[in-house]
Amino acid sequence: MKLIVGLGNKGSEYNNTRHNVGFMVIDEYLNKHNLVLNKEKFDGLYCDTVISDEKVIILKPQKYMNLSGEVILKFVNYFKIKVEDILVIHDDMDLELGSFKIRYKGGSGGHNGLKNIEANLKTNEYKRIKIGISKNNIDVIDYVLGKFKSDELEKINDVIKIMPDVIDDFLKISFENLMNKYN
């Protein structure tokens, strides 16, 4: 069983903000596969399905970003999901806007959502897709919670549109081959 998690903040005021790129990717994936997050458990909206002969849970934590790990841990424990079967999709200020990287482990890079995941899972060895939002000279919190400008949104949408293919490949091929294909 695989767990695919998009990180973001709940609430319409956070729509199209840089910190909600993970939610945006999940929405695109759900749309491509005609799926709906139709269940709620452990402060998370989710659905379960079978894709490429693999049982998959798709999750949007409904606690704020810096508490995402609490939600993920409850799903891991309840559904008996191995850490190596988790894929977390999140924003990354160290990557150029509109780029992405696939990693099988790594540090938090100051990202509070990732810090909380690591604290709860007791490891940083979970798979991730990092979506670049670039850095800015304004306050970090104001920047990540700020909405994309129209030209930025175009670049982000270009990346988001290919993410369903990346996630589908995650379910079909080895992670090493996935990184080789897209990095």
# chains A, B, ... in the order shown; residues from 1 in each chain; ligands from 1
>>> residues_around(residues="stretch 111-128 of chain A", least_positions_apart="6", cutoff="8 Å", atoms="only C-alpha atoms", output="JSON, numbers by chain")
{"A": [7, 65, 66, 67, 68, 69, 70, 72, 73, 83, 84, 85, 86, 87, 88, 89, 90, 92, 102, 103, 104, 105]}
>>> residues_around(residues="stretch 52-54 of chain A", least_positions_apart="3", cutoff="12 Å", atoms="only C-alpha atoms", output="JSON, numbers by chain")
{"A": [1, 2, 3, 48, 49, 57, 85, 167, 168, 169, 170, 171, 172, 173]}
>>> residues_around(residues="A:Tyr46", least_positions_apart="5", cutoff="7 Å", atoms="only C-alpha atoms", output="PDB file with C-alpha atoms, in the first residue's frame")
ATOM      1  CA  LEU A  37     -11.249  12.895  -1.443  1.00  0.00           C
ATOM      2  CA  ASN A  38     -14.455  11.423  -0.063  1.00  0.00           C
ATOM      3  CA  LYS A  39     -13.322  10.207   3.342  1.00  0.00           C
ATOM      4  CA  GLU A  40     -12.204  11.921   6.510  1.00  0.00           C
ATOM      5  CA  ILE A  57      -4.267   6.282  -0.265  1.00  0.00           C
ATOM      6  CA  ILE A  58      -4.215   9.897  -1.435  1.00  0.00           C
ATOM      7  CA  LEU A  59      -4.165  12.344   1.472  1.00  0.00           C
ATOM      8  CA  LYS A  60      -4.439  16.039   2.211  1.00  0.00           C
TER       9      LYS A  60
END
>>> closest_residue(among="A:Leu95, A:Ile129, A:Leu153, A:Leu145", to="A:Phe175", atoms="only C-alpha atoms")
A:Ile129
>>> residues_around(residues="stretch 17-34 of chain A", least_positions_apart="5", cutoff="7 Å", atoms="only C-alpha atoms", output="count of residues only")
18
>>> select_by_dssp(residues="chain A", states="strand (DSSP E or B)", output="PyMOL selection string")
chain A and resi 2-6+17+39-41+44-51+54-61+86-92+100-103+127-132+147
>>> write_last_selection(atoms="C-alpha atoms", output="compact mmCIF listing (two decimals), in the first residue's frame")
# COMPACT_ATOMS: atom_id res chain seq x y z
CA LYS A 2 1.27 3.45 -0.96
CA LEU A 3 0.49 6.77 0.74
CA ILE A 4 0.64 9.87 -1.44
CA VAL A 5 0.50 13.09 0.59
CA GLY A 6 0.25 16.64 -0.67
CA THR A 17 -0.41 30.15 -2.14
CA LYS A 39 -13.32 10.21 3.34
CA GLU A 40 -12.20 11.92 6.51
CA LYS A 41 -10.13 10.40 9.29
CA GLY A 44 -7.11 14.22 6.93
CA LEU A 45 -9.19 14.21 3.77
CA TYR A 46 -8.41 11.14 1.70
CA CYS A 47 -9.52 8.52 -0.75
CA ASP A 48 -8.32 5.01 -1.33
CA THR A 49 -8.14 3.40 -4.71
CA VAL A 50 -6.17 0.91 -6.77
CA ILE A 51 -3.83 2.24 -9.44
CA GLU A 54 -1.33 -1.02 -6.15
CA LYS A 55 -3.61 0.01 -3.30
CA VAL A 56 -3.13 3.75 -2.85
CA ILE A 57 -4.27 6.28 -0.27
CA ILE A 58 -4.21 9.90 -1.44
CA LEU A 59 -4.16 12.34 1.47
CA LYS A 60 -4.44 16.04 2.21
CA PRO A 61 -3.73 16.65 5.92
CA ILE A 86 5.19 7.20 1.50
CA LEU A 87 5.48 9.96 -1.12
CA VAL A 88 5.23 13.55 0.17
CA ILE A 89 4.74 16.43 -2.28
CA HIS A 90 5.72 19.88 -1.03
CA ASP A 91 7.01 23.34 -1.88
CA ASP A 92 10.74 24.08 -1.79
CA PHE A 100 11.06 19.99 -9.26
CA LYS A 101 13.27 17.31 -7.76
CA ILE A 102 12.51 13.78 -6.65
CA ARG A 103 14.36 12.53 -3.57
CA LYS A 127 10.23 9.77 -0.58
CA ARG A 128 9.36 13.26 -1.75
CA ILE A 129 8.70 15.47 -4.71
CA LYS A 130 9.96 18.99 -4.11
CA ILE A 131 8.28 21.70 -6.18
CA GLY A 132 10.34 24.86 -6.62
CA LYS A 147 -0.44 33.94 -3.43
>>> atom_distance(atom1="atom CA of A:Lys80", atom2="atom CA of A:Lys10")
25.5 Å
>>> select_by_dssp(residues="chain A", states="helix (DSSP H, G or I)", output="CSV table (one decimal) with N, CA and C atoms, in the first residue's frame")
chain,number,residue,atom,x,y,z
A,12,SER,N,-9.9,28.2,2.3
A,12,SER,CA,-9.8,28.9,1.0
A,12,SER,C,-8.9,30.0,0.9
A,13,GLU,N,-8.6,30.6,2.1
A,13,GLU,CA,-7.6,31.8,2.1
A,13,GLU,C,-6.2,31.3,1.7
A,14,TYR,N,-6.0,30.0,1.7
A,14,TYR,CA,-4.6,29.5,1.3
A,14,TYR,C,-4.6,29.0,-0.1
A,18,ARG,N,2.0,29.7,-2.2
A,18,ARG,CA,3.2,28.9,-2.5
A,18,ARG,C,3.2,27.7,-1.6
A,19,HIS,N,2.8,27.8,-0.4
A,19,HIS,CA,2.9,26.7,0.6
A,19,HIS,C,1.9,25.6,0.2
A,20,ASN,N,0.9,25.9,-0.6
A,20,ASN,CA,-0.1,24.9,-1.0
A,20,ASN,C,0.1,24.1,-2.3
A,21,VAL,N,1.3,24.2,-2.8
A,21,VAL,CA,1.6,23.5,-4.0
A,21,VAL,C,1.3,22.0,-3.9
A,22,GLY,N,1.6,21.4,-2.8
A,22,GLY,CA,1.3,20.0,-2.6
A,22,GLY,C,-0.2,19.7,-2.8
A,23,PHE,N,-1.0,20.5,-2.2
A,23,PHE,CA,-2.5,20.4,-2.4
A,23,PHE,C,-2.8,20.5,-3.9
A,24,MET,N,-2.2,21.5,-4.5
A,24,MET,CA,-2.5,21.7,-6.0
A,24,MET,C,-2.2,20.5,-6.8
A,25,VAL,N,-1.0,19.8,-6.5
A,25,VAL,CA,-0.7,18.6,-7.2
A,25,VAL,C,-1.7,17.5,-7.0
A,26,ILE,N,-2.1,17.3,-5.7
A,26,ILE,CA,-3.1,16.3,-5.4
A,26,ILE,C,-4.4,16.6,-6.2
A,27,ASP,N,-4.8,17.9,-6.2
A,27,ASP,CA,-6.0,18.2,-7.0
A,27,ASP,C,-5.9,17.8,-8.4
A,28,GLU,N,-4.8,18.1,-9.0
A,28,GLU,CA,-4.5,17.7,-10.4
A,28,GLU,C,-4.6,16.2,-10.6
A,29,TYR,N,-4.0,15.5,-9.7
A,29,TYR,CA,-3.9,14.0,-9.8
A,29,TYR,C,-5.4,13.5,-9.7
A,30,LEU,N,-6.1,14.0,-8.7
A,30,LEU,CA,-7.5,13.5,-8.5
A,30,LEU,C,-8.3,13.8,-9.8
A,31,ASN,N,-8.1,15.0,-10.3
A,31,ASN,CA,-8.9,15.4,-11.5
A,31,ASN,C,-8.6,14.4,-12.7
A,32,LYS,N,-7.3,14.1,-12.9
A,32,LYS,CA,-6.9,13.2,-14.0
A,32,LYS,C,-7.5,11.8,-13.8
A,65,MET,N,0.1,23.2,8.2
A,65,MET,CA,1.3,22.6,7.6
A,65,MET,C,2.3,22.1,8.6
A,66,ASN,N,2.5,22.9,9.7
A,66,ASN,CA,3.5,22.5,10.7
A,66,ASN,C,3.1,21.4,11.6
A,67,LEU,N,1.9,20.8,11.3
A,67,LEU,CA,1.4,19.7,12.1
A,67,LEU,C,1.1,18.5,11.2
A,68,SER,N,1.5,18.6,9.9
A,68,SER,CA,1.3,17.5,8.9
A,68,SER,C,1.7,16.1,9.4
A,69,GLY,N,2.9,16.1,10.0
A,69,GLY,CA,3.4,14.8,10.5
A,69,GLY,C,2.5,14.0,11.4
A,70,GLU,N,1.8,14.8,12.2
A,70,GLU,CA,0.8,14.1,13.2
A,70,GLU,C,-0.2,13.3,12.4
A,71,VAL,N,-0.7,13.9,11.3
A,71,VAL,CA,-1.8,13.3,10.5
A,71,VAL,C,-1.2,12.1,9.8
A,72,ILE,N,0.0,12.3,9.2
A,72,ILE,CA,0.6,11.2,8.4
A,72,ILE,C,0.9,10.0,9.3
A,73,LEU,N,1.4,10.3,10.5
A,73,LEU,CA,1.7,9.2,11.4
A,73,LEU,C,0.5,8.4,11.8
A,74,LYS,N,-0.6,9.0,12.0
A,74,LYS,CA,-1.9,8.3,12.3
A,74,LYS,C,-2.3,7.4,11.1
A,75,PHE,N,-2.1,7.9,9.9
A,75,PHE,CA,-2.4,7.1,8.7
A,75,PHE,C,-1.5,5.9,8.6
A,76,VAL,N,-0.2,6.1,8.8
A,76,VAL,CA,0.8,5.1,8.7
A,76,VAL,C,0.5,4.0,9.7
A,77,ASN,N,0.2,4.4,11.0
A,77,ASN,CA,-0.1,3.4,12.0
A,77,ASN,C,-1.4,2.6,11.7
A,78,TYR,N,-2.4,3.3,11.4
A,78,TYR,CA,-3.7,2.7,11.2
A,78,TYR,C,-3.7,1.8,10.0
A,79,PHE,N,-3.2,2.2,8.9
A,79,PHE,CA,-3.2,1.4,7.6
A,79,PHE,C,-1.9,0.5,7.5
A,83,VAL,N,7.3,3.2,5.8
A,83,VAL,CA,7.8,4.5,5.5
A,83,VAL,C,8.3,4.6,4.1
A,84,GLU,N,8.9,3.5,3.6
A,84,GLU,CA,9.4,3.5,2.2
A,84,GLU,C,8.3,3.6,1.1
A,85,ASP,N,7.0,3.5,1.6
A,85,ASP,CA,5.9,3.5,0.7
A,85,ASP,C,5.1,4.9,0.7
A,112,ASN,N,8.8,23.7,7.9
A,112,ASN,CA,8.1,23.3,9.1
A,112,ASN,C,7.3,22.0,9.0
A,113,GLY,N,6.6,21.9,7.8
A,113,GLY,CA,5.9,20.7,7.6
A,113,GLY,C,6.8,19.4,7.5
A,114,LEU,N,7.9,19.5,6.9
A,114,LEU,CA,8.8,18.4,6.8
A,114,LEU,C,9.5,18.1,8.2
A,115,LYS,N,9.8,19.2,8.9
A,115,LYS,CA,10.3,19.0,10.3
A,115,LYS,C,9.3,18.2,11.1
A,116,ASN,N,8.0,18.5,11.0
A,116,ASN,CA,7.0,17.8,11.8
A,116,ASN,C,6.9,16.3,11.3
A,117,ILE,N,7.0,16.1,10.0
A,117,ILE,CA,6.9,14.7,9.5
A,117,ILE,C,8.1,13.9,10.1
A,118,GLU,N,9.3,14.5,10.0
A,118,GLU,CA,10.5,13.8,10.5
A,118,GLU,C,10.4,13.5,12.0
A,119,ALA,N,9.9,14.5,12.8
A,119,ALA,CA,9.7,14.3,14.2
A,119,ALA,C,8.7,13.2,14.5
A,120,ASN,N,7.6,13.1,13.7
A,120,ASN,CA,6.6,12.1,14.0
A,120,ASN,C,7.0,10.7,13.5
A,121,LEU,N,7.6,10.6,12.3
A,121,LEU,CA,8.0,9.3,11.7
A,121,LEU,C,9.4,8.9,12.3
A,140,VAL,N,10.0,35.1,5.2
A,140,VAL,CA,9.7,33.7,4.7
A,140,VAL,C,8.3,33.4,4.8
A,141,ILE,N,7.7,33.6,6.0
A,141,ILE,CA,6.3,33.3,6.3
A,141,ILE,C,5.4,34.0,5.3
A,142,ASP,N,5.6,35.3,5.2
A,142,ASP,CA,4.8,36.1,4.3
A,142,ASP,C,4.9,35.6,2.8
A,143,TYR,N,6.1,35.2,2.5
A,143,TYR,CA,6.4,34.7,1.1
A,143,TYR,C,5.6,33.4,0.8
A,144,VAL,N,5.8,32.4,1.7
A,144,VAL,CA,5.2,31.1,1.4
A,144,VAL,C,3.7,31.1,1.6
A,150,SER,N,0.4,36.1,-11.3
A,150,SER,CA,-0.1,35.4,-12.5
A,150,SER,C,1.0,34.7,-13.3
A,151,ASP,N,2.1,35.4,-13.5
A,151,ASP,CA,3.2,34.8,-14.3
A,151,ASP,C,3.8,33.6,-13.5
A,152,GLU,N,3.9,33.7,-12.2
A,152,GLU,CA,4.4,32.6,-11.4
A,152,GLU,C,3.4,31.4,-11.5
A,153,LEU,N,2.1,31.7,-11.4
A,153,LEU,CA,1.1,30.6,-11.5
A,153,LEU,C,1.2,29.9,-12.8
A,154,GLU,N,1.5,30.6,-13.9
A,154,GLU,CA,1.7,29.9,-15.2
A,154,GLU,C,2.8,28.9,-15.1
A,155,LYS,N,4.0,29.3,-14.5
A,155,LYS,CA,5.1,28.3,-14.4
A,155,LYS,C,4.8,27.2,-13.5
A,156,ILE,N,4.1,27.4,-12.3
A,156,ILE,CA,3.7,26.4,-11.4
A,156,ILE,C,2.7,25.4,-12.1
A,157,ASN,N,1.8,26.0,-12.8
A,157,ASN,CA,0.8,25.1,-13.5
A,157,ASN,C,1.4,24.2,-14.5
A,158,ASP,N,2.5,24.7,-15.2
A,158,ASP,CA,3.2,23.8,-16.1
A,158,ASP,C,3.8,22.6,-15.4
A,159,VAL,N,4.3,22.8,-14.2
A,159,VAL,CA,4.9,21.6,-13.5
A,159,VAL,C,3.7,20.8,-12.9
A,160,ILE,N,2.7,21.4,-12.4
A,160,ILE,CA,1.6,20.6,-11.8
A,160,ILE,C,0.9,19.7,-12.8
A,161,LYS,N,0.9,20.2,-14.1
A,161,LYS,CA,0.2,19.4,-15.1
A,161,LYS,C,1.0,18.1,-15.4
A,162,ILE,N,2.3,18.0,-15.2
A,162,ILE,CA,3.0,16.8,-15.4
A,162,ILE,C,3.1,15.9,-14.2
A,163,MET,N,2.7,16.4,-13.1
A,163,MET,CA,2.8,15.6,-11.8
A,163,MET,C,2.0,14.3,-11.8
A,164,PRO,N,0.8,14.3,-12.4
A,164,PRO,CA,0.1,13.0,-12.4
A,164,PRO,C,0.9,11.9,-13.1
A,165,ASP,N,1.6,12.2,-14.1
A,165,ASP,CA,2.4,11.2,-14.8
A,165,ASP,C,3.6,10.8,-13.9
A,166,VAL,N,4.2,11.7,-13.2
A,166,VAL,CA,5.2,11.4,-12.2
A,166,VAL,C,4.7,10.5,-11.1
A,167,ILE,N,3.6,10.8,-10.6
A,167,ILE,CA,3.0,10.0,-9.5
A,167,ILE,C,2.6,8.6,-10.1
A,168,ASP,N,2.0,8.5,-11.3
A,168,ASP,CA,1.7,7.2,-11.8
A,168,ASP,C,2.9,6.4,-12.0
A,169,ASP,N,4.0,7.0,-12.5
A,169,ASP,CA,5.3,6.3,-12.6
A,169,ASP,C,5.8,5.8,-11.2
A,170,PHE,N,5.6,6.6,-10.2
A,170,PHE,CA,6.0,6.2,-8.9
A,170,PHE,C,5.3,4.9,-8.5
A,171,LEU,N,4.1,4.7,-9.0
A,171,LEU,CA,3.4,3.5,-8.6
A,171,LEU,C,3.8,2.3,-9.5
A,172,LYS,N,4.5,2.6,-10.6
A,172,LYS,CA,4.8,1.5,-11.6
A,172,LYS,C,6.3,1.1,-11.6
A,175,PHE,N,11.9,3.4,-7.6
A,175,PHE,CA,12.2,4.8,-7.3
A,175,PHE,C,13.5,5.3,-7.9
A,176,GLU,N,14.5,4.5,-8.0
A,176,GLU,CA,15.7,4.8,-8.6
A,176,GLU,C,15.4,5.2,-10.1
A,177,ASN,N,14.6,4.4,-10.8
A,177,ASN,CA,14.3,4.6,-12.2
A,177,ASN,C,13.5,5.9,-12.3
A,178,LEU,N,12.6,6.2,-11.3
A,178,LEU,CA,11.8,7.4,-11.3
A,178,LEU,C,12.7,8.6,-11.2
A,179,MET,N,13.7,8.6,-10.3
A,179,MET,CA,14.6,9.7,-10.2
A,179,MET,C,15.4,9.9,-11.4
A,180,ASN,N,15.9,8.8,-12.0
A,180,ASN,CA,16.7,8.9,-13.3
A,180,ASN,C,15.8,9.4,-14.4
A,181,LYS,N,14.6,9.1,-14.4
A,181,LYS,CA,13.7,9.6,-15.5
A,181,LYS,C,13.4,11.1,-15.4
A,182,TYR,N,13.2,11.6,-14.2
A,182,TYR,CA,12.7,13.0,-14.1
A,182,TYR,C,13.7,14.0,-13.5
